[in-house]
There are 2 protein chains.
Amino acid sequence: MKVAVLGFGTVGVGVFEMLNNAEGLEQGTVLVRPGKNDKAFKRTTIEEITSDPEIWAVAEVMGGIEPAFSYAKAVMEAGKHFVTSNKALVAAKGIELSKIAYENNVGFLFSAACGGAVPILHNLSIARESDKILSVSGILNGTTNYMLDSMQRLGLEYEDALKDAQRLGYAEADPTADVSGMDALRKIMLACAVSYDMLPTEGLLNEGIENVTAEDVKHFMKKGYTCRLMVKGGRTDNSVYAYVEPVLFREGAPECSVLQNFNMACYEGLNSGRISIMGQGAGRYPTASAVLRDLSGILGGRKYMLRESCKAVKAENDKIKQLYYVRLPERMASLIPSESVDAEKGIARIITKPVSVLEMHSMAAKIRKDGGEVFFAAIGE
Amino acid sequence: MKVAVLGFGTVGVGVFEMLNNAEGLEQGTVLVRPGKNDKAFKRTTIEEITSDPEIWAVAEVMGGIEPAFSYAKAVMEAGKHFVTSNKALVAAKGIELSKIAYENNVGFLFSAACGGAVPILHNLSIARESDKILSVSGILNGTTNYMLDSMQRLGLEYEDALKDAQRLGYAEADPTADVSGMDALRKIMLACAVSYDMLPTEGLLNEGIENVTAEDVKHFMKKGYTCRLMVKGGRTDNSVYAYVEPVLFREGAPECSVLQNFNMACYEGLNSGRISIMGQGAGRYPTASAVLRDLSGILGGRKYMLRESCKAVKAENDKIKQLYYVRLPERMASLIPSESVDAEKGIARIITKPVSVLEMHSMAAKIRKDGGEVFFAAIGE
């Protein structure tokens with residue numbers, strides 16, 4: 001079955017190459033965007049792809065919402081299956097795309113948009129059929145994991161860890177989406193949609209790692225903790241919770257053994273218990289392997305990971321209470337309900353009383369608005 | 001779709017209960033073996049099951065080769081799908097069962113036979129369609145992992161660790177299949193069959209943990225190592241390698257964070273890179289969740305994890321060379337090609353030169369034949 005590829009960047013080249021060796025699949029045409037790498041030997045336009053009866057499916061790996069969304073729509077309306085690695089697209093337009101897919105009876109899968117080679121969305125979509133997914137969590141951003149790991153194991157400052165990540169191709173020139181937690185947030189949005197038929201589009205919270213310092217990391221290490229940027233999602237009575245924030249783990253926790261730019265995705269099934277999957281969350285071949293897995297899945301009859309009933313919801317992040325580590329100016333320490341305070345040179349390090357995720361993120365926003373620098377991290381179980 | 005359950009022990013009860021809540025599935029009859037728990041409220045015979053047009057599939061969770069094999073054959077010849085958690089059955093009769101399944105166009109899946117809730121066989125069967133599986137490995141026996149972990153973290157002697165495992169229901173009254181590595185060996189046989197269309201039935205090697213002592217474990221800890229019982233499998237030029245043996249891992253390796261009776265299964269894909277899956281490898285609901293996943297899979301059109309071309313092969317365990325730790329009587333130390341020897345009170349602890357898996361297992365067998373006590377473990381990367 002011939003597969004066209006939209007986008008010929010890092011992942012696109014990988015998908016195109018791998019199509020040569022996958023069972024039942026073969027290379028179709030490649031759409032290269034104007035101004036992009038033009039060495040592709042099979043260039044084409046979206047019109048040529050949608051009108052080519054030989055093209056069975058299309059893999060979109062160009063990123064961004066437009067023209068990806070218009071292309072996806074055109075492809076599916078032309079009766080061709082659509083798979084994508086584009087998390088921004090699915091987070092913003094997943095429900096609309098799903099509707100188009102069902103209307104046209106074509107496959108729509110997006111494993112590669114969450115976890116790279118880690119098959120978390122696939123496994124969630126399988127598990128939910130016969131089990132109840134109680135929660136989803138994980139380390140789903142390799143860039144920030146690489147940075148936090150370098151800060152801990154190599155003792156780097158934040159800026160140096162970021163520069164290393166950029167030099168190695170793990171971080172973009174503009175690293176905002178990664179370090180702000182936005183990239184990870186999109187992934188937990190998708191995981192909720194697959195697990196619960198609810199795509200949270202409002203009420204989401206994301207705290208990244210922009211505010212962590214070498215000093216913070218040293219402090220965690222002294223106390224036996226390792227810091228990781230975690231996604232968390234799960235059911236509430238009427239909706240879901242979904243947020244991203246740094247979490248401190250005690251030595252020996254599986255999260256501590258997730259090094260460099262690796263990912264680890266976990267879910268808790270009512271019957272299965274906790275299942276954790278570790279692997280490469282990014283990179284040409286790992287991400288392309290997820291795109292190919294989706295194409296094989298459609299070939300085998302598994303066409304959807306979102307259900308027709310999936311709807312947009314507002315996330316409820318005020319239900320879960322936990323303890324946090326907070327570092328802030330000593331003069332603002334009283335703004336936080338604290339269990340213990342450790343102050344030195346005008347800096348306070350606080351362990352909070354149990355507060356909800358929403359409360360903690362709101363308090364940090366308020367302190368920042370008032371000109372205070374603050375870093376916080378939940379204290380893991 | 002109605003599902004009959006063969007066997008009403010730990011897992012059978014779990015499967016029966018879960019059928020109530022799984023999408024598209026419902027409780028059928030239950031076959032309870034004579035002399036077994038007779039509280040099942042829907043007892044039946046195999047003839048009643050095979051002749052009941054309402055039964056769509058049968059889940060076999062009774063264990064053992066007979067009557068499980070005869071029942072499986074009867075079920076599939078009656079046109080009903082067959083799923084099982086029975087690793088002994090599939091290791092011994094998998095190819096025959098697969099042939100019957102294809103001939104009768106019914107599903108035959110056995111996720112629960114390897115890894116409990118850990119979906120390693122499912123994920124291997126998916127991954128191999130679009131990627132090349134280079135190797136499979138893992139901690140696939142929860143009983144021995146519980147024992148090794150207790151010996152390390154609680155400082156227990158072997159006998160006490162075994163008694164604890166028995167008291168907690170992790171080990172059988174006769175623990176031979178677990179501690180000898182035979183249970184784990186059957187699992188890597190199945191993983192090879194799913195990954196490579198080759199079920200290794202000869203040339204297999206399994207070294208268990210019967211010979212490990214509290215003294216060995218203390219010695220490993222002093223050197224910064226954690227001992228785990230590992231399965232290993234992969235392609236050779238003409239066949240596969242497949243064996244079970246203890247392995248020593250350096251602090252920080254993911255295997256060290258697999259505690260208690262948890263399992264971790266890994267595979268290395270040419271494109272995906274290394275994927276590791278951790279979870280509960282046994283227990284009522286975790287194992288039943290894998291049985292249910294298979295039933296849902298068949299409902300969704302995924303009927304096979306073994307291919308029609310799967311054949312029995314002789315494993316080739318002489319290709320991989322590695323270093324081993326060996327503890328044996330000092331007087332026999334010269335029988336092992338050693339890199340370093342550390343002798344005290346008549347006991348030698350050796351680090352070997354690189355030797356093949358086959359050589360190491362053969363040398364240990366020879367030493368035992370000559371009346372020497374020996375424990376060995378590969379030194380992990």
# chains A, B, ... in the order shown; residues from 1 in each chain; ligands from 1
$ closest_atom_pairs --of "chain B" --to "chain A" --cutoff "8 Å" --atoms "only C-alpha atoms" --output "JSON lines"
{"residue": "B:Met18", "atom": "CA", "partner": "A:Ser130", "partner_atom": "CA", "distance": 7.9}
{"residue": "B:Asn21", "atom": "CA", "partner": "A:Ser130", "partner_atom": "CA", "distance": 7.3}
{"residue": "B:Ala22", "atom": "CA", "partner": "A:Ser130", "partner_atom": "CA", "distance": 4.4}
{"residue": "B:Glu23", "atom": "CA", "partner": "A:Glu129", "partner_atom": "CA", "distance": 5.9}
{"residue": "B:Ala117", "atom": "CA", "partner": "A:Ser272", "partner_atom": "CA", "distance": 5.3}
{"residue": "B:Val118", "atom": "CA", "partner": "A:Ile275", "partner_atom": "CA", "distance": 6.8}
{"residue": "B:Ile126", "atom": "CA", "partner": "A:Arg293", "partner_atom": "CA", "distance": 7.0}
{"residue": "B:Ala127", "atom": "CA", "partner": "A:Arg293", "partner_atom": "CA", "distance": 6.5}
{"residue": "B:Glu129", "atom": "CA", "partner": "A:Glu23", "partner_atom": "CA", "distance": 5.9}
{"residue": "B:Ser130", "atom": "CA", "partner": "A:Ala22", "partner_atom": "CA", "distance": 4.4}
{"residue": "B:Asp131", "atom": "CA", "partner": "A:Ala22", "partner_atom": "CA", "distance": 6.7}
{"residue": "B:Gly252", "atom": "CA", "partner": "A:Ser257", "partner_atom": "CA", "distance": 5.9}
{"residue": "B:Ala253", "atom": "CA", "partner": "A:Ser257", "partner_atom": "CA", "distance": 6.7}
{"residue": "B:Pro254", "atom": "CA", "partner": "A:Ser257", "partner_atom": "CA", "distance": 5.6}
{"residue": "B:Ser257", "atom": "CA", "partner": "A:Pro254", "partner_atom": "CA", "distance": 5.6}
{"residue": "B:Val258", "atom": "CA", "partner": "A:Pro254", "partner_atom": "CA", "distance": 7.8}
{"residue": "B:Asn271", "atom": "CA", "partner": "A:Tyr285", "partner_atom": "CA", "distance": 4.9}
{"residue": "B:Ser272", "atom": "CA", "partner": "A:Pro286", "partner_atom": "CA", "distance": 4.1}
{"residue": "B:Gly273", "atom": "CA", "partner": "A:Pro286", "partner_atom": "CA", "distance": 6.4}
{"residue": "B:Arg274", "atom": "CA", "partner": "A:Gly279", "partner_atom": "CA", "distance": 5.8}
{"residue": "B:Ile275", "atom": "CA", "partner": "A:Gly279", "partner_atom": "CA", "distance": 4.6}
{"residue": "B:Ser276", "atom": "CA", "partner": "A:Met278", "partner_atom": "CA", "distance": 5.0}
{"residue": "B:Ile277", "atom": "CA", "partner": "A:Ile277", "partner_atom": "CA", "distance": 4.4}
{"residue": "B:Met278", "atom": "CA", "partner": "A:Ser276", "partner_atom": "CA", "distance": 5.0}
{"residue": "B:Gly279", "atom": "CA", "partner": "A:Ile275", "partner_atom": "CA", "distance": 4.6}
{"residue": "B:Gln280", "atom": "CA", "partner": "A:Gly273", "partner_atom": "CA", "distance": 6.7}
{"residue": "B:Tyr285", "atom": "CA", "partner": "A:Asn271", "partner_atom": "CA", "distance": 4.9}
{"residue": "B:Pro286", "atom": "CA", "partner": "A:Ser272", "partner_atom": "CA", "distance": 4.1}
{"residue": "B:Thr287", "atom": "CA", "partner": "A:Ser272", "partner_atom": "CA", "distance": 7.3}
{"residue": "B:Ala288", "atom": "CA", "partner": "A:Asn271", "partner_atom": "CA", "distance": 7.7}
{"residue": "B:Ser289", "atom": "CA", "partner": "A:Ser272", "partner_atom": "CA", "distance": 5.4}
{"residue": "B:Ala290", "atom": "CA", "partner": "A:Ser272", "partner_atom": "CA", "distance": 7.6}
{"residue": "B:Leu292", "atom": "CA", "partner": "A:Ser130", "partner_atom": "CA", "distance": 5.8}
{"residue": "B:Arg293", "atom": "CA", "partner": "A:Ser130", "partner_atom": "CA", "distance": 5.9}
{"residue": "B:Ser296", "atom": "CA", "partner": "A:Ser130", "partner_atom": "CA", "distance": 6.5}
{"residue": "B:Gly297", "atom": "CA", "partner": "A:Ile126", "partner_atom": "CA", "distance": 7.6}
{"residue": "B:Gly300", "atom": "CA", "partner": "A:Arg302", "partner_atom": "CA", "distance": 7.2}
{"residue": "B:Gly301", "atom": "CA", "partner": "A:Gly301", "partner_atom": "CA", "distance": 6.6}
{"residue": "B:Arg302", "atom": "CA", "partner": "A:Gly300", "partner_atom": "CA", "distance": 7.2}
$ residues_around --residues "stretch 52-60 of chain B" --least-positions-apart "2" --cutoff "7 Å" --atoms "only C-alpha atoms" --output "list of chain:residue names"
B:Met1, B:Lys2, B:Val3, B:Ala4, B:Val5, B:Leu6, B:Gly7, B:Gly28, B:Glu48, B:Ile49, B:Thr50, B:Met62, B:Lys80, B:His81, B:Phe82, B:Val83, B:Thr84, B:Ser85
$ write_last_selection --atoms "N, CA, C and O atoms" --output "PDB file, in the first residue's frame"
ATOM      1  N   MET B   1     -20.481 -10.457  23.342  1.00  0.00           N
ATOM      2  CA  MET B   1     -20.020 -11.777  22.941  1.00  0.00           C
ATOM      3  C   MET B   1     -19.728 -12.600  24.189  1.00  0.00           C
ATOM      4  O   MET B   1     -18.977 -12.161  25.062  1.00  0.00           O
ATOM      5  N   LYS B   2     -20.263 -13.829  24.229  1.00  0.00           N
ATOM      6  CA  LYS B   2     -20.101 -14.656  25.425  1.00  0.00           C
ATOM      7  C   LYS B   2     -18.775 -15.395  25.428  1.00  0.00           C
ATOM      8  O   LYS B   2     -18.371 -15.977  24.423  1.00  0.00           O
ATOM      9  N   VAL B   3     -18.139 -15.357  26.583  1.00  0.00           N
ATOM     10  CA  VAL B   3     -16.838 -16.008  26.731  1.00  0.00           C
ATOM     11  C   VAL B   3     -16.927 -17.065  27.832  1.00  0.00           C
ATOM     12  O   VAL B   3     -17.316 -16.758  28.962  1.00  0.00           O
ATOM     13  N   ALA B   4     -16.563 -18.299  27.500  1.00  0.00           N
ATOM     14  CA  ALA B   4     -16.493 -19.357  28.512  1.00  0.00           C
ATOM     15  C   ALA B   4     -15.095 -19.360  29.118  1.00  0.00           C
ATOM     16  O   ALA B   4     -14.122 -18.987  28.456  1.00  0.00           O
ATOM     17  N   VAL B   5     -15.020 -19.748  30.377  1.00  0.00           N
ATOM     18  CA  VAL B   5     -13.739 -19.762  31.078  1.00  0.00           C
ATOM     19  C   VAL B   5     -13.416 -21.194  31.485  1.00  0.00           C
ATOM     20  O   VAL B   5     -14.253 -21.877  32.092  1.00  0.00           O
ATOM     21  N   LEU B   6     -12.228 -21.651  31.128  1.00  0.00           N
ATOM     22  CA  LEU B   6     -11.777 -22.989  31.547  1.00  0.00           C
ATOM     23  C   LEU B   6     -10.818 -22.828  32.707  1.00  0.00           C
ATOM     24  O   LEU B   6      -9.709 -22.339  32.538  1.00  0.00           O
ATOM     25  N   GLY B   7     -11.260 -23.237  33.893  1.00  0.00           N
ATOM     26  CA  GLY B   7     -10.424 -23.078  35.087  1.00  0.00           C
ATOM     27  C   GLY B   7     -10.989 -21.958  35.931  1.00  0.00           C
ATOM     28  O   GLY B   7     -11.329 -20.890  35.419  1.00  0.00           O
ATOM     29  N   GLY B  28     -19.782 -16.106  29.993  1.00  0.00           N
ATOM     30  CA  GLY B  28     -20.394 -17.352  29.553  1.00  0.00           C
ATOM     31  C   GLY B  28     -20.316 -18.353  30.691  1.00  0.00           C
ATOM     32  O   GLY B  28     -20.328 -17.983  31.865  1.00  0.00           O
ATOM     33  N   GLU B  48     -20.354 -29.231  26.450  1.00  0.00           N
ATOM     34  CA  GLU B  48     -21.401 -28.200  26.494  1.00  0.00           C
ATOM     35  C   GLU B  48     -20.894 -26.883  25.915  1.00  0.00           C
ATOM     36  O   GLU B  48     -21.632 -26.157  25.261  1.00  0.00           O
ATOM     37  N   ILE B  49     -19.613 -26.592  26.174  1.00  0.00           N
ATOM     38  CA  ILE B  49     -19.043 -25.344  25.662  1.00  0.00           C
ATOM     39  C   ILE B  49     -18.897 -25.388  24.149  1.00  0.00           C
ATOM     40  O   ILE B  49     -19.312 -24.474  23.435  1.00  0.00           O
ATOM     41  N   THR B  50     -18.308 -26.479  23.657  1.00  0.00           N
ATOM     42  CA  THR B  50     -18.067 -26.535  22.204  1.00  0.00           C
ATOM     43  C   THR B  50     -19.375 -26.595  21.420  1.00  0.00           C
ATOM     44  O   THR B  50     -19.426 -26.156  20.279  1.00  0.00           O
ATOM     45  N   MET B  62      -6.422 -22.750  33.129  1.00  0.00           N
ATOM     46  CA  MET B  62      -6.298 -23.845  34.085  1.00  0.00           C
ATOM     47  C   MET B  62      -4.850 -24.296  34.267  1.00  0.00           C
ATOM     48  O   MET B  62      -4.495 -24.871  35.292  1.00  0.00           O
ATOM     49  N   LYS B  80     -14.590 -21.607  17.707  1.00  0.00           N
ATOM     50  CA  LYS B  80     -14.563 -20.572  18.742  1.00  0.00           C
ATOM     51  C   LYS B  80     -13.131 -20.075  18.947  1.00  0.00           C
ATOM     52  O   LYS B  80     -12.179 -20.848  18.869  1.00  0.00           O
ATOM     53  N   HIS B  81     -12.998 -18.785  19.215  1.00  0.00           N
ATOM     54  CA  HIS B  81     -11.686 -18.211  19.478  1.00  0.00           C
ATOM     55  C   HIS B  81     -11.141 -18.757  20.789  1.00  0.00           C
ATOM     56  O   HIS B  81     -11.892 -19.094  21.700  1.00  0.00           O
ATOM     57  N   PHE B  82      -9.797 -18.789  20.874  1.00  0.00           N
ATOM     58  CA  PHE B  82      -9.155 -19.383  22.043  1.00  0.00           C
ATOM     59  C   PHE B  82      -8.052 -18.462  22.549  1.00  0.00           C
ATOM     60  O   PHE B  82      -7.133 -18.117  21.811  1.00  0.00           O
ATOM     61  N   VAL B  83      -8.150 -18.043  23.800  1.00  0.00           N
ATOM     62  CA  VAL B  83      -7.060 -17.270  24.419  1.00  0.00           C
ATOM     63  C   VAL B  83      -6.643 -18.003  25.692  1.00  0.00           C
ATOM     64  O   VAL B  83      -7.457 -18.683  26.325  1.00  0.00           O
ATOM     65  N   THR B  84      -5.371 -17.869  26.038  1.00  0.00           N
ATOM     66  CA  THR B  84      -4.867 -18.626  27.179  1.00  0.00           C
ATOM     67  C   THR B  84      -3.778 -17.871  27.924  1.00  0.00           C
ATOM     68  O   THR B  84      -3.090 -17.033  27.343  1.00  0.00           O
ATOM     69  N   SER B  85      -3.638 -18.189  29.197  1.00  0.00           N
ATOM     70  CA  SER B  85      -2.552 -17.647  30.018  1.00  0.00           C
ATOM     71  C   SER B  85      -1.512 -18.733  30.286  1.00  0.00           C
ATOM     72  O   SER B  85      -0.614 -18.539  31.083  1.00  0.00           O
TER      73      SER B  85
END
$ residues_around --residues "A:Ser239" --least-positions-apart "6" --cutoff "9 Å" --atoms "only C-alpha atoms" --output "MDAnalysis selection string"
chainID A and resid 196 198 200 313:316
$ residues_around --residues "stretch 353-364 of chain A" --least-positions-apart "3" --cutoff "10 Å" --atoms "only C-alpha atoms" --output "PyMOL selection string"
chain A and resi 203-207+241-245+316-326+328+335-340+350+367-370+372-378
$ residues_around --residues "stretch 166-169 of chain A" --least-positions-apart "6" --cutoff "12 Å" --atoms "only C-alpha atoms" --output "number ranges by chain"
A: 10, 142-144, 146-147, 159-160, 175, 178, 260-261, 282-284
$ residues_around --residues "B:Gly234" --least-positions-apart "5" --cutoff "7 Å" --atoms "only C-alpha atoms" --output "mmCIF file with N, CA, C and O atoms, in the first residue's frame"
data_model
loop_
_atom_site.group_PDB
_atom_site.id
_atom_site.type_symbol
_atom_site.label_atom_id
_atom_site.label_comp_id
_atom_site.auth_asym_id
_atom_site.auth_seq_id
_atom_site.Cartn_x
_atom_site.Cartn_y
_atom_site.Cartn_z
ATOM 1 N N LEU B 134 15.509 -6.556 17.248
ATOM 2 C CA LEU B 134 16.887 -7.035 17.331
ATOM 3 C C LEU B 134 17.063 -7.996 18.498
ATOM 4 O O LEU B 134 17.803 -8.971 18.399
ATOM 5 N N SER B 135 16.417 -7.722 19.609
ATOM 6 C CA SER B 135 16.542 -8.611 20.759
ATOM 7 C C SER B 135 15.408 -8.370 21.744
ATOM 8 O O SER B 135 14.746 -7.333 21.700
ATOM 9 N N VAL B 136 15.200 -9.352 22.603
ATOM 10 C CA VAL B 136 14.174 -9.274 23.647
ATOM 11 C C VAL B 136 14.841 -9.693 24.954
ATOM 12 O O VAL B 136 15.666 -10.612 24.962
ATOM 13 N N CYS B 192 10.273 -15.194 21.450
ATOM 14 C CA CYS B 192 10.995 -15.465 20.198
ATOM 15 C C CYS B 192 10.021 -15.885 19.096
ATOM 16 O O CYS B 192 10.144 -15.456 17.948
ATOM 17 N N VAL B 240 17.705 -18.576 16.516
ATOM 18 C CA VAL B 240 17.601 -17.570 17.578
ATOM 19 C C VAL B 240 18.455 -18.020 18.755
ATOM 20 O O VAL B 240 18.802 -19.198 18.861
ATOM 21 N N TYR B 241 18.814 -17.090 19.612
ATOM 22 C CA TYR B 241 19.348 -17.479 20.908
ATOM 23 C C TYR B 241 18.244 -17.268 21.930
ATOM 24 O O TYR B 241 17.357 -16.419 21.730
ATOM 25 N N ALA B 242 18.250 -18.044 22.979
ATOM 26 C CA ALA B 242 17.200 -17.956 23.997
ATOM 27 C C ALA B 242 17.697 -18.632 25.251
ATOM 28 O O ALA B 242 17.998 -19.831 25.231
#
$ residues_around --residues "B:Ala348" --least-positions-apart "4" --cutoff "8 Å" --atoms "only C-alpha atoms" --output "list in words"
Val326, Arg327, Leu328, Pro329, Glu330, Ala333, Val341, Asp342, Ala343 and Glu344 of chain B
$ select_by_dssp --residues "stretch 196-328 of chain B" --states "strand (DSSP E or B)" --output "MDAnalysis selection string"
chainID B and resid 198:202 205:206 225:235 240:250 262:269 273:280 304 311:314 321:322 324:328
$ closest_residue --among "B:Glu172, B:Glu308, B:Asp149, B:Glu381" --to "B:Asn105" --atoms "only C-alpha atoms"
B:Glu308
$ atom_distance --atom1 "atom CA of B:Ala184" --atom2 "atom CA of B:Val30"
28.6 Å
$ select_by_dssp --residues "stretch 185-349 of chain A" --states "helix (DSSP H, G or I)" --output "PyMOL selection string"
chain A and resi 185-196+214-222+254-257+284-299+330-335
